[in-house]
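Peer 1: You'll find target_12.pdb just under this line, and it carries PDB, C-alpha atoms.
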```
ATOM      1  CA  MET A 121     -30.178 -49.609 -74.292  1.00  0.00           C
ATOM      2  CA  ASN A 122     -32.392 -50.553 -71.478  1.00  0.00           C
ATOM      3  CA  GLU A 123     -35.018 -47.990 -70.818  1.00  0.00           C
ATOM      4  CA  PRO A 124     -36.542 -48.054 -67.352  1.00  0.00           C
ATOM      5  CA  THR A 125     -39.983 -49.539 -67.438  1.00  0.00           C
ATOM      6  CA  SER A 126     -42.634 -47.337 -65.941  1.00  0.00           C
ATOM      7  CA  LYS A 127     -44.849 -48.820 -63.293  1.00  0.00           C
ATOM      8  CA  PRO A 128     -48.589 -48.175 -63.084  1.00  0.00           C
ATOM      9  CA  TRP A 129     -49.468 -45.180 -60.880  1.00  0.00           C
ATOM     10  CA  TYR A 130     -50.820 -47.282 -58.014  1.00  0.00           C
ATOM     11  CA  ARG A 131     -47.444 -48.974 -57.633  1.00  0.00           C
ATOM     12  CA  GLU A 132     -45.624 -45.712 -57.201  1.00  0.00           C
ATOM     13  CA  PHE A 133     -44.568 -44.812 -53.675  1.00  0.00           C
ATOM     14  CA  TRP A 134     -45.152 -41.080 -54.131  1.00  0.00           C
ATOM     15  CA  ALA A 135     -48.714 -41.568 -55.338  1.00  0.00           C
ATOM     16  CA  TRP A 136     -49.635 -43.227 -52.046  1.00  0.00           C
ATOM     17  CA  MET A 137     -47.773 -40.573 -50.062  1.00  0.00           C
ATOM     18  CA  VAL A 138     -50.088 -37.989 -51.621  1.00  0.00           C
ATOM     19  CA  LEU A 139     -53.317 -40.046 -51.479  1.00  0.00           C
ATOM     20  CA  ALA A 140     -52.991 -41.625 -48.001  1.00  0.00           C
ATOM     21  CA  PRO A 141     -53.743 -38.416 -46.022  1.00  0.00           C
ATOM     22  CA  LEU A 142     -56.697 -37.615 -48.293  1.00  0.00           C
ATOM     23  CA  ILE A 143     -58.179 -41.085 -47.928  1.00  0.00           C
ATOM     24  CA  THR A 144     -57.647 -40.965 -44.159  1.00  0.00           C
ATOM     25  CA  VAL A 145     -59.469 -37.624 -43.923  1.00  0.00           C
ATOM     26  CA  LEU A 146     -62.411 -38.985 -45.935  1.00  0.00           C
ATOM     27  CA  VAL A 147     -62.750 -42.091 -43.761  1.00  0.00           C
ATOM     28  CA  VAL A 148     -62.461 -40.209 -40.460  1.00  0.00           C
ATOM     29  CA  SER A 149     -64.897 -37.506 -41.650  1.00  0.00           C
ATOM     30  CA  SER A 150     -67.534 -40.038 -42.663  1.00  0.00           C
ATOM     31  CA  ILE A 151     -67.190 -41.837 -39.317  1.00  0.00           C
ATOM     32  CA  THR A 152     -67.558 -38.534 -37.446  1.00  0.00           C
ATOM     33  CA  VAL A 153     -70.642 -37.525 -39.443  1.00  0.00           C
ATOM     34  CA  SER A 154     -72.305 -40.900 -38.878  1.00  0.00           C
ATOM     35  CA  ILE A 155     -71.669 -40.668 -35.110  1.00  0.00           C
ATOM     36  CA  ALA A 156     -73.051 -37.110 -35.012  1.00  0.00           C
ATOM     37  CA  VAL A 157     -76.218 -38.107 -36.875  1.00  0.00           C
ATOM     38  CA  ARG A 158     -76.807 -41.284 -34.876  1.00  0.00           C
ATOM     39  CA  HIS A 159     -76.279 -39.637 -31.467  1.00  0.00           C
ATOM     40  CA  ALA A 160     -77.859 -36.231 -32.076  1.00  0.00           C
ATOM     41  CA  ASP A 161     -79.137 -34.191 -29.132  1.00  0.00           C
ATOM     42  CA  ASP A 162     -82.729 -34.805 -28.084  1.00  0.00           C
ATOM     43  CA  GLN A 163     -85.317 -32.055 -28.286  1.00  0.00           C
ATOM     44  CA  VAL A 164     -86.794 -30.322 -25.260  1.00  0.00           C
ATOM     45  CA  THR A 165     -90.407 -31.424 -24.780  1.00  0.00           C
ATOM     46  CA  ASP A 166     -91.611 -28.591 -22.565  1.00  0.00           C
ATOM     47  CA  ASN A 167     -93.511 -25.425 -23.531  1.00  0.00           C
ATOM     48  CA  TYR A 168     -90.777 -23.241 -24.934  1.00  0.00           C
ATOM     49  CA  TYR A 169     -91.059 -21.065 -28.008  1.00  0.00           C
ATOM     50  CA  LYS A 170     -88.454 -19.097 -29.910  1.00  0.00           C
ATOM     51  CA  ASP A 171     -88.900 -15.380 -30.393  1.00  0.00           C
ATOM     52  CA  SER A 172     -86.023 -13.912 -32.403  1.00  0.00           C
ATOM     53  CA  ARG A 173     -82.919 -15.069 -30.551  1.00  0.00           C
ATOM     54  CA  MET A 174     -84.585 -15.666 -27.198  1.00  0.00           C
ATOM     55  CA  TYR A 175     -86.354 -18.741 -25.895  1.00  0.00           C
ATOM     56  CA  HIS A 176     -89.403 -18.157 -23.711  1.00  0.00           C
ATOM     57  CA  PHE A 177     -91.212 -20.530 -21.374  1.00  0.00           C
ATOM     58  CA  SER A 178     -95.009 -20.645 -21.498  1.00  0.00           C
ATOM     59  CA  ALA A 179     -96.716 -21.422 -18.182  1.00  0.00           C
ATOM     60  CA  GLU A 180    -100.360 -21.101 -19.287  1.00  0.00           C
ATOM     61  CA  GLN A 181    -101.153 -24.786 -18.762  1.00  0.00           C
ATOM     62  CA  ASP A 182     -99.581 -24.718 -15.309  1.00  0.00           C
ATOM     63  CA  GLN A 183    -101.553 -21.594 -14.358  1.00  0.00           C
ATOM     64  CA  ARG A 184    -104.834 -23.207 -15.504  1.00  0.00           C
ATOM     65  CA  ALA A 185    -104.072 -26.330 -13.467  1.00  0.00           C
ATOM     66  CA  GLU A 186    -103.320 -24.181 -10.443  1.00  0.00           C
ATOM     67  CA  ALA A 187    -106.528 -22.147 -10.933  1.00  0.00           C
ATOM     68  CA  LEU A 188    -108.526 -25.398 -11.071  1.00  0.00           C
ATOM     69  CA  GLY A 189    -106.798 -26.646  -7.918  1.00  0.00           C
ATOM     70  CA  LEU A 190    -105.565 -29.769  -9.690  1.00  0.00           C
ATOM     71  CA  ALA A 191    -103.214 -32.212  -8.008  1.00  0.00           C
ATOM     72  CA  ALA A 192    -102.583 -35.896  -8.531  1.00  0.00           C
ATOM     73  CA  MET A 193    -100.962 -38.825  -6.789  1.00  0.00           C
ATOM     74  CA  VAL A 194     -99.278 -41.369  -9.052  1.00  0.00           C
ATOM     75  CA  GLN A 195     -98.710 -44.886  -7.691  1.00  0.00           C
ATOM     76  CA  PHE A 196     -96.688 -47.354  -9.777  1.00  0.00           C
ATOM     77  CA  GLN A 197     -97.305 -51.063  -9.230  1.00  0.00           C
ATOM     78  CA  ARG A 198     -94.185 -52.886 -10.354  1.00  0.00           C
ATOM     79  CA  ASP A 199     -95.537 -56.367  -9.683  1.00  0.00           C
ATOM     80  CA  ALA A 200     -98.592 -55.707 -11.894  1.00  0.00           C
ATOM     81  CA  SER A 201     -96.760 -53.460 -14.405  1.00  0.00           C
ATOM     82  CA  GLY A 202     -99.403 -50.845 -13.888  1.00  0.00           C
ATOM     83  CA  VAL A 203     -99.971 -47.323 -12.683  1.00  0.00           C
ATOM     84  CA  VAL A 204    -102.872 -45.780 -10.753  1.00  0.00           C
ATOM     85  CA  VAL A 205    -103.506 -42.028 -10.682  1.00  0.00           C
ATOM     86  CA  GLU A 206    -105.747 -40.206  -8.204  1.00  0.00           C
ATOM     87  CA  LEU A 207    -106.708 -36.791  -9.658  1.00  0.00           C
ATOM     88  CA  ASN A 208    -108.253 -34.105  -7.439  1.00  0.00           C
ATOM     89  CA  GLY A 209    -109.496 -30.673  -8.381  1.00  0.00           C
ATOM     90  CA  ASN A 210    -112.348 -28.506  -9.553  1.00  0.00           C
ATOM     91  CA  THR A 211    -112.718 -29.801 -13.105  1.00  0.00           C
ATOM     92  CA  GLU A 212    -114.671 -32.187 -15.259  1.00  0.00           C
ATOM     93  CA  TYR A 213    -112.764 -35.431 -15.176  1.00  0.00           C
ATOM     94  CA  PRO A 214    -112.012 -36.639 -18.725  1.00  0.00           C
ATOM     95  CA  GLU A 215    -112.518 -40.265 -19.752  1.00  0.00           C
ATOM     96  CA  LYS A 216    -108.793 -40.663 -20.493  1.00  0.00           C
ATOM     97  CA  LEU A 217    -105.552 -38.967 -19.516  1.00  0.00           C
ATOM     98  CA  LEU A 218    -102.026 -39.174 -20.881  1.00  0.00           C
ATOM     99  CA  LEU A 219     -99.132 -39.805 -18.505  1.00  0.00           C
ATOM    100  CA  THR A 220     -95.771 -39.121 -20.133  1.00  0.00           C
ATOM    101  CA  LEU A 221     -92.625 -40.513 -18.563  1.00  0.00           C
ATOM    102  CA  SER A 222     -89.640 -38.631 -19.959  1.00  0.00           C
ATOM    103  CA  HIS A 223     -86.196 -40.094 -19.547  1.00  0.00           C
ATOM    104  CA  PRO A 224     -83.703 -37.429 -18.411  1.00  0.00           C
ATOM    105  CA  ILE A 225     -81.140 -38.333 -21.089  1.00  0.00           C
ATOM    106  CA  GLU A 226     -82.548 -40.443 -23.934  1.00  0.00           C
ATOM    107  CA  GLU A 227     -85.691 -39.330 -25.768  1.00  0.00           C
ATOM    108  CA  ASP A 228     -85.989 -42.813 -27.315  1.00  0.00           C
ATOM    109  CA  LEU A 229     -86.786 -44.243 -23.865  1.00  0.00           C
ATOM    110  CA  ASP A 230     -89.772 -41.904 -23.245  1.00  0.00           C
ATOM    111  CA  GLN A 231     -93.051 -43.682 -22.468  1.00  0.00           C
ATOM    112  CA  HIS A 232     -96.594 -42.433 -23.153  1.00  0.00           C
ATOM    113  CA  ILE A 233     -99.241 -44.202 -21.075  1.00  0.00           C
ATOM    114  CA  VAL A 234    -102.955 -43.722 -21.767  1.00  0.00           C
ATOM    115  CA  LEU A 235    -104.896 -43.876 -18.510  1.00  0.00           C
ATOM    116  CA  SER A 236    -108.538 -44.973 -18.471  1.00  0.00           C
ATOM    117  CA  GLN A 237    -111.016 -43.727 -15.890  1.00  0.00           C
ATOM    118  CA  LEU A 238    -111.995 -46.325 -13.282  1.00  0.00           C
ATOM    119  CA  SER A 239    -114.157 -43.979 -11.209  1.00  0.00           C
ATOM    120  CA  VAL A 240    -114.425 -40.226 -10.715  1.00  0.00           C
ATOM    121  CA  GLY A 241    -110.848 -38.978 -10.391  1.00  0.00           C
ATOM    122  CA  ARG A 242    -109.272 -42.452 -10.418  1.00  0.00           C
ATOM    123  CA  TYR A 243    -107.382 -43.670 -13.501  1.00  0.00           C
ATOM    124  CA  SER A 244    -105.233 -46.664 -14.359  1.00  0.00           C
ATOM    125  CA  GLY A 245    -102.999 -47.854 -17.170  1.00  0.00           C
ATOM    126  CA  SER A 246    -100.291 -50.367 -17.925  1.00  0.00           C
ATOM    127  CA  VAL A 247     -96.569 -49.674 -18.050  1.00  0.00           C
ATOM    128  CA  PRO A 248     -94.944 -51.475 -21.002  1.00  0.00           C
ATOM    129  CA  VAL A 249     -91.359 -51.453 -19.680  1.00  0.00           C
ATOM    130  CA  GLU A 250     -89.570 -51.941 -16.388  1.00  0.00           C
ATOM    131  CA  LEU A 251     -88.907 -48.570 -14.825  1.00  0.00           C
ATOM    132  CA  LYS A 252     -85.873 -47.747 -12.743  1.00  0.00           C
ATOM    133  CA  ASN A 253     -83.795 -44.718 -11.835  1.00  0.00           C
ATOM    134  CA  ARG A 254     -85.131 -41.172 -12.398  1.00  0.00           C
ATOM    135  CA  TRP A 255     -87.956 -40.011 -14.727  1.00  0.00           C
ATOM    136  CA  TYR A 256     -89.865 -36.788 -15.330  1.00  0.00           C
ATOM    137  CA  LEU A 257     -93.671 -37.144 -15.287  1.00  0.00           C
ATOM    138  CA  ARG A 258     -96.294 -35.053 -17.066  1.00  0.00           C
ATOM    139  CA  LEU A 259    -100.060 -35.648 -16.784  1.00  0.00           C
ATOM    140  CA  MET A 260    -102.501 -33.964 -19.183  1.00  0.00           C
ATOM    141  CA  PRO A 261    -105.908 -34.449 -20.816  1.00  0.00           C
ATOM    142  CA  GLU A 262    -104.459 -34.327 -24.379  1.00  0.00           C
ATOM    143  CA  LEU A 263    -103.956 -37.913 -25.644  1.00  0.00           C
ATOM    144  CA  ASN A 264    -101.621 -37.095 -28.540  1.00  0.00           C
ATOM    145  CA  PRO A 265     -98.100 -36.601 -27.119  1.00  0.00           C
ATOM    146  CA  LYS A 266     -97.071 -34.478 -30.115  1.00  0.00           C
ATOM    147  CA  GLN A 267     -99.800 -31.947 -29.303  1.00  0.00           C
ATOM    148  CA  HIS A 268     -98.908 -31.490 -25.644  1.00  0.00           C
ATOM    149  CA  LYS A 269     -98.827 -27.703 -26.109  1.00  0.00           C
ATOM    150  CA  SER A 270    -102.569 -27.632 -26.868  1.00  0.00           C
ATOM    151  CA  ALA A 271    -103.605 -29.431 -23.664  1.00  0.00           C
ATOM    152  CA  GLU A 272    -105.945 -27.485 -21.400  1.00  0.00           C
ATOM    153  CA  TRP A 273    -103.798 -28.128 -18.303  1.00  0.00           C
ATOM    154  CA  ARG A 274    -100.863 -30.217 -17.135  1.00  0.00           C
ATOM    155  CA  LEU A 275     -99.341 -31.491 -13.925  1.00  0.00           C
ATOM    156  CA  LYS A 276     -95.657 -32.217 -13.552  1.00  0.00           C
ATOM    157  CA  GLY A 277     -93.415 -34.136 -11.222  1.00  0.00           C
ATOM    158  CA  GLU A 278     -90.313 -36.246 -10.922  1.00  0.00           C
ATOM    159  CA  ILE A 279     -89.818 -39.762  -9.581  1.00  0.00           C
ATOM    160  CA  ASN A 280     -86.777 -41.793  -8.660  1.00  0.00           C
ATOM    161  CA  PHE A 281     -87.702 -45.486  -8.602  1.00  0.00           C
ATOM    162  CA  ASP A 282     -84.683 -46.226  -6.426  1.00  0.00           C
ATOM    163  CA  LEU A 283     -86.395 -44.221  -3.650  1.00  0.00           C
ATOM    164  CA  GLY A 284     -90.071 -45.136  -4.063  1.00  0.00           C
ATOM    165  CA  GLU A 285     -92.993 -45.942  -6.338  1.00  0.00           C
ATOM    166  CA  ALA A 286     -95.372 -43.055  -5.595  1.00  0.00           C
ATOM    167  CA  VAL A 287     -95.104 -39.349  -6.329  1.00  0.00           C
ATOM    168  CA  PRO A 288     -97.417 -36.313  -6.200  1.00  0.00           C
ATOM    169  CA  LEU A 289     -97.923 -34.235  -9.332  1.00  0.00           C
ATOM    170  CA  ASN A 290     -98.667 -30.528  -9.106  1.00  0.00           C
ATOM    171  CA  ALA A 291     -98.884 -27.500 -11.336  1.00  0.00           C
ATOM    172  CA  ALA A 292     -95.346 -26.253 -11.924  1.00  0.00           C
ATOM    173  CA  SER A 293     -94.816 -23.040 -10.015  1.00  0.00           C
ATOM    174  CA  GLN A 294     -92.605 -20.264 -11.311  1.00  0.00           C
TER     175      GLN A 294
END
```
Could you render the structure as structure tokens?

Peer 2:
Amino acid sequence: MNEPTSKPWYREFWAWMVLAPLITVLVVSSITVSIAVRHADDQVTDNYYKDSRMYHFSAEQDQRAEALGLAAMVQFQRDASGVVVELNGNTEYPEKLLLTLSHPIEEDLDQHIVLSQLSVGRYSGSVPVELKNRWYLRLMPELNPKQHKSAEWRLKGEINFDLGEAVPLNAASQ
């Protein structure tokens, strides 16, 4: 008598009918996880703190800048890849300032420019990339961008390079 020869498991149709959906789920899940990790949401870089379930905004730096009467005019020079800042107010002018350009969507595109004092209230620095479209600006005396919450004061503004190359910075008002 001829007994039917058994095939190895991987040659059986029913084995693949059971394994195919499982393998598909594993592949699609790993692709989804890698996309989620690679394109994670950026963090907010402003002065917010979490208290229980609520987020609160801290305006102490803005209030200090307003009390000192601080204001600045930022002028970008595209042909020279530079920036000049005129700072006015009732304060001691530090040797260096930090100008942060925050991209509205991608945190990886943020730029931190250290400005050196040219004369009293006048600072300059170089811009390492070509700037276009809209950016949020923050000027402060703290040179480490990760410690922006410990800065004595800050000035904020927004610029759209499609509309111009100069913008005033003021203390954010509530």

Peer 1: With distances taken over all atoms listed in the file, which residue among A:Leu251, A:Leu218, A:Val157, A:Val240 lies nearest Ser201 (chain A)?

Peer 2: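 Once distances to Ser201 (chain A) are computed over all atoms listed in the file, the minimum belongs to A:Leu251.
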
Peer 1: Counting only C-alpha atoms, figure out which residue out of A:Ile233, A:Val203, A:Ala191, A:Leu217 gets nearest to Gly277 (chain A).

Peer 2: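 So, comparing all the options, the nearest one is A:Ala191.
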
Peer 1: Please evaluate the PyMOL selection byres ((chain A and resi 254) around 8) against the displayed coordinates and give the resulting residues as number ranges by chain.

Peer 2: A: 223-224, 252-253, 255-256, 278-282

Peer 1: Could you tell me, as a VMD selection string, exactly which residues end up selected when the PyMOL selection byres ((chain A and resi 180) around 10) is applied to this structure?

Peer 2: chain A and resid 167 177 to 179 181 to 186 269 271 to 274

Peer 1: Which is closer to Leu263 (chain A) than all the others in A:Leu283, A:Ala140, A:Val234, A:Val145, using all atoms listed in the file?

Peer 2: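 Selected residue with least distance to Leu263 (chain A): A:Val234.
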
Peer 1: Counting all atoms listed in the file, which residue out of A:Asn290, A:Thr152, A:Asn208, A:Thr144 sits closest to Tyr243 (chain A)?

Peer 2: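 Smallest separation from Tyr243 (chain A) among the options: A:Asn208.
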
Peer 1: Nearest to Leu259 (chain A): which of A:Val204, A:Met137, A:Leu221, A:Ile151 is it, counting only C-alpha atoms?

Peer 2: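 Closest candidate: A:Leu221.
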
Peer 1: Starting from the shown file, work through the PyMOL selection byres ((chain A and resi 198) around 12) and note down what comes out as a compact mmCIF listing (two decimals) with C-alpha atoms, keeping the file's coordinate frame.

Peer 2:
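Writing the result to out-v7.txt gives the following:
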```txt
# COMPACT_ATOMS: atom_id res chain seq x y z
CA GLN A 195 -98.71 -44.89 -7.69
CA PHE A 196 -96.69 -47.35 -9.78
CA GLN A 197 -97.30 -51.06 -9.23
CA ASP A 199 -95.54 -56.37 -9.68
CA ALA A 200 -98.59 -55.71 -11.89
CA SER A 201 -96.76 -53.46 -14.40
CA GLY A 202 -99.40 -50.84 -13.89
CA VAL A 203 -99.97 -47.32 -12.68
CA VAL A 204 -102.87 -45.78 -10.75
CA SER A 246 -100.29 -50.37 -17.92
CA VAL A 247 -96.57 -49.67 -18.05
CA PRO A 248 -94.94 -51.48 -21.00
CA VAL A 249 -91.36 -51.45 -19.68
CA GLU A 250 -89.57 -51.94 -16.39
CA LEU A 251 -88.91 -48.57 -14.82
CA LYS A 252 -85.87 -47.75 -12.74
CA PHE A 281 -87.70 -45.49 -8.60
CA GLY A 284 -90.07 -45.14 -4.06
CA GLU A 285 -92.99 -45.94 -6.34
CA ALA A 286 -95.37 -43.06 -5.60
```

Peer 1: When you draw a straight line from CA of Pro288 (chain A) to CA of Leu207 (chain A), how long is it in Å?

Peer 2: 9.9 Å

Peer 1: Please compute the CA of Thr220 (chain A)-CA of Leu238 (chain A) distance, one decimal, in Å.

Peer 2: 19.0 Å

Peer 1: As JSON, what would the box around region 155-162 of chain A look like: edges along x, y and z, 5 Å added on every side, centre and edge lengths in Å to one decimal?

Peer 2:
```
{"center_x": -77.2, "center_y": -37.7, "center_z": -32.5, "size_x": 21.1, "size_y": 17.1, "size_z": 18.8}
```

Peer 1: Which residue, A:Gly189, A:Ala292, A:Ile143, A:Leu235, has the smallest gap to Thr211 (chain A) when you use all atoms listed in the file?

Peer 2: A:Gly189

Peer 1: Could you check how far CA of Asp228 (chain A) sits from CA of Pro265 (chain A), in Å to one decimal?

Peer 2: 13.6 Å
